[in-house]
Each structure stands twice: as structure tokens, then as C-alpha cells.
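What follows is one structure encoded as C-alpha cells, with my remarks underneath.
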Amino acid sequence: MTVESRLAALEERLRALEDEREITRLILSYGPLVDSGCAGEVAALWEPGGVYDVDEIMMTGRPEIEAMVRSANHQRWIAGGCAHVVGPPHVTLDGDEATAVGYTLMIVNRDGFTLRRATANHWRLRRTEDGWRAVNRTNRVLDGREESPDLLASHFPEAVRHR
């Protein structure tokens, strides 16, 4: 290998590590931002027309995502005490596109802390002029419904689910 080709390979590996780090930081920032009511910052995690599909609600575009954080329901969660605990994502890069899967636990304070929901998360992301942004985030509650583990498995095309 020439010095130039080794340097190019090293630069490619470094860029992949930096991309994965940026995506991971974006995903992990969701919990602290949403739990502190930073509506604009939460919405800015998505592209302007991005989609956030939760089994309870579908939001399209930053204004709808921001409105969810500002909603009376969400503000009650914050006022009562809640934590969206985001697990580390498994990120797969494909040039300027990426996918990631992971888990989120929503813990609420109801005379002590209780798990409200555990969800499977699937993110589609894209590199933009402003850095990586979510194009689509799909969450499904892990309550035994088949679509939840299917959502996780969809990230791993080589995986075959056995039931």
C-alpha cells in the first residue's frame, strides 16, 4: 500500500467514526432535551420535514414535534417528574444515509418512579449541511406486539427472526 492509499483509508475510517459519534450523540440527546422541555432543540434533531412515528401519535415536520414537547400532556410529565432513558444505538452508515436501532424507557414519577413504557426505536438519518438529522424515527412499544421486534430486526438484514 502506498502512503497516499493508507492515508485515504485512515481518513475514511476516521470519518466513519466521527459520523457514528455524531449520530449517537444526536440520538442520546433526545432524552435530556425532551425531559427538560427544550421543544425547539428536540425538533431540530429532525430534518424540517422529518417524521416521528410513535404508536400513540404521528408527527410530521418540526412544528408538530415541537408542539408535542410543548403540549399540556408532555408538560405534565415534566412537572411530575419523568425520564426518557435512551439506550446506546446500533448505528449503520451508508454514505450520507444511516440507520440506527435501540431502546427507550420512559420512567415517570407516580408516588415513586415507575416504568411507563419500553420502546423499540428505528431511526433513519441523513447528513445535511447542518450535520446529521433524523429523517424518520419510528417507535413501537415492547408489549408483545410482533411489529416491535420486527422493527429492531429490520436494521439487521442478515438476521433471521425465529419464533
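Chain lettering (A, B, ...) mirrors the order of the C-alpha cells, residue numbering begins at 1 for each chain separately, and ligand numbering begins at 1 in order of display.
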
Would you please give, as a PyMOL selection string, all residues of chain A that DSSP assigns to strand (DSSP E) based on the backbone?
chain A and resi 46-54+57-60+82-86+90-94+97-109+113-128+131-141

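Residues lying within 12 Å of Gly112 in chain A, counting only C-alpha atoms and ignoring same-chain neighbours fewer than 6 positions away, are Gly80, Gly81 and Cys82 of chain A.
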
12 Å contact set for Glu129 in chain A, only C-alpha atoms, chain neighbours under 3 positions out, as a PyMOL selection string
chain A and resi 47+96+126+132-133

Find the residues near Leu105 in chain A: any atom within 9 Å, counting only C-alpha atoms, skip ones fewer than 3 places away on the same chain, and give them as a ChimeraX atom specification.
/A:83-87,115-119

Distance table requested - range 35-66 of chain A against range 16-29 of chain A, cut-off 12 Å, only C-alpha atoms: one row per qualifying residue with the closest atom pair and its distance in Å to one decimal, ordered by chain and rising residue number, as JSON lines.
```
{"residue": "A:Asp35", "atom": "CA", "partner": "A:Ser29", "partner_atom": "CA", "distance": 10.2}
{"residue": "A:Ser36", "atom": "CA", "partner": "A:Ser29", "partner_atom": "CA", "distance": 10.9}
{"residue": "A:Cys38", "atom": "CA", "partner": "A:Ser29", "partner_atom": "CA", "distance": 10.8}
{"residue": "A:Glu41", "atom": "CA", "partner": "A:Ser29", "partner_atom": "CA", "distance": 9.4}
{"residue": "A:Val42", "atom": "CA", "partner": "A:Ser29", "partner_atom": "CA", "distance": 8.4}
{"residue": "A:Ala43", "atom": "CA", "partner": "A:Leu26", "partner_atom": "CA", "distance": 11.5}
{"residue": "A:Ala44", "atom": "CA", "partner": "A:Leu26", "partner_atom": "CA", "distance": 10.0}
{"residue": "A:Leu45", "atom": "CA", "partner": "A:Leu26", "partner_atom": "CA", "distance": 6.7}
{"residue": "A:Trp46", "atom": "CA", "partner": "A:Leu26", "partner_atom": "CA", "distance": 9.7}
```

Generate a file of the selected residues that holds N, CA and C atoms, formatted as a compact mmCIF listing (two decimals), in the first residue's frame.
```
# COMPACT_ATOMS: atom_id res chain seq x y z
N ASP A 35 -36.93 15.85 28.18
CA ASP A 35 -37.28 15.89 29.59
C ASP A 35 -37.08 17.27 30.21
N SER A 36 -36.32 18.12 29.54
CA SER A 36 -36.15 19.49 30.04
C SER A 36 -37.05 20.47 29.29
N CYS A 38 -37.08 21.34 26.10
CA CYS A 38 -36.41 22.15 25.07
C CYS A 38 -37.02 21.81 23.70
N GLU A 41 -35.11 22.58 20.36
CA GLU A 41 -33.92 21.75 20.22
C GLU A 41 -34.30 20.31 19.89
N VAL A 42 -35.38 19.81 20.50
CA VAL A 42 -35.86 18.46 20.17
C VAL A 42 -36.23 18.43 18.69
N ALA A 43 -37.04 19.38 18.24
CA ALA A 43 -37.49 19.40 16.85
C ALA A 43 -36.31 19.52 15.89
N ALA A 44 -35.27 20.23 16.29
CA ALA A 44 -34.11 20.43 15.42
C ALA A 44 -33.29 19.15 15.22
N LEU A 45 -33.59 18.09 15.97
CA LEU A 45 -32.92 16.81 15.74
C LEU A 45 -33.36 16.20 14.41
N TRP A 46 -34.53 16.65 13.91
CA TRP A 46 -35.09 16.16 12.65
C TRP A 46 -34.82 17.13 11.52
```

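Here CA of Ala39 in chain A is placed at a distance of 13.8 Å from CA of Tyr52 in chain A.
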
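Checking A:Arg124, A:Thr2, A:Gly50, A:Arg110 one by one against Thr92 in chain A, counting only C-alpha atoms, you find the shortest gap at A:Arg124.
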
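Of the residues under consideration (A:Ala79, A:Ile65, A:Ala72, A:Val135), A:Val135 shows the shortest atom-to-atom contact distance to Glu97 in chain A when counting only C-alpha atoms.
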
Out of range 48-131 of chain A, which residues get alpha helix (DSSP H) from DSSP, as an MDAnalysis selection string?
chainID A and resid 62:70 72:80

Between A:Arg137, A:Ser5, A:Leu14, A:Gly37, which has the minimum distance to Ser71 in chain A (counting only C-alpha atoms)?
A:Gly37

Could you state the separation of CA of Thr138 in chain A and CA of Leu152 in chain A in Å, given to one decimal place?
10.2 Å
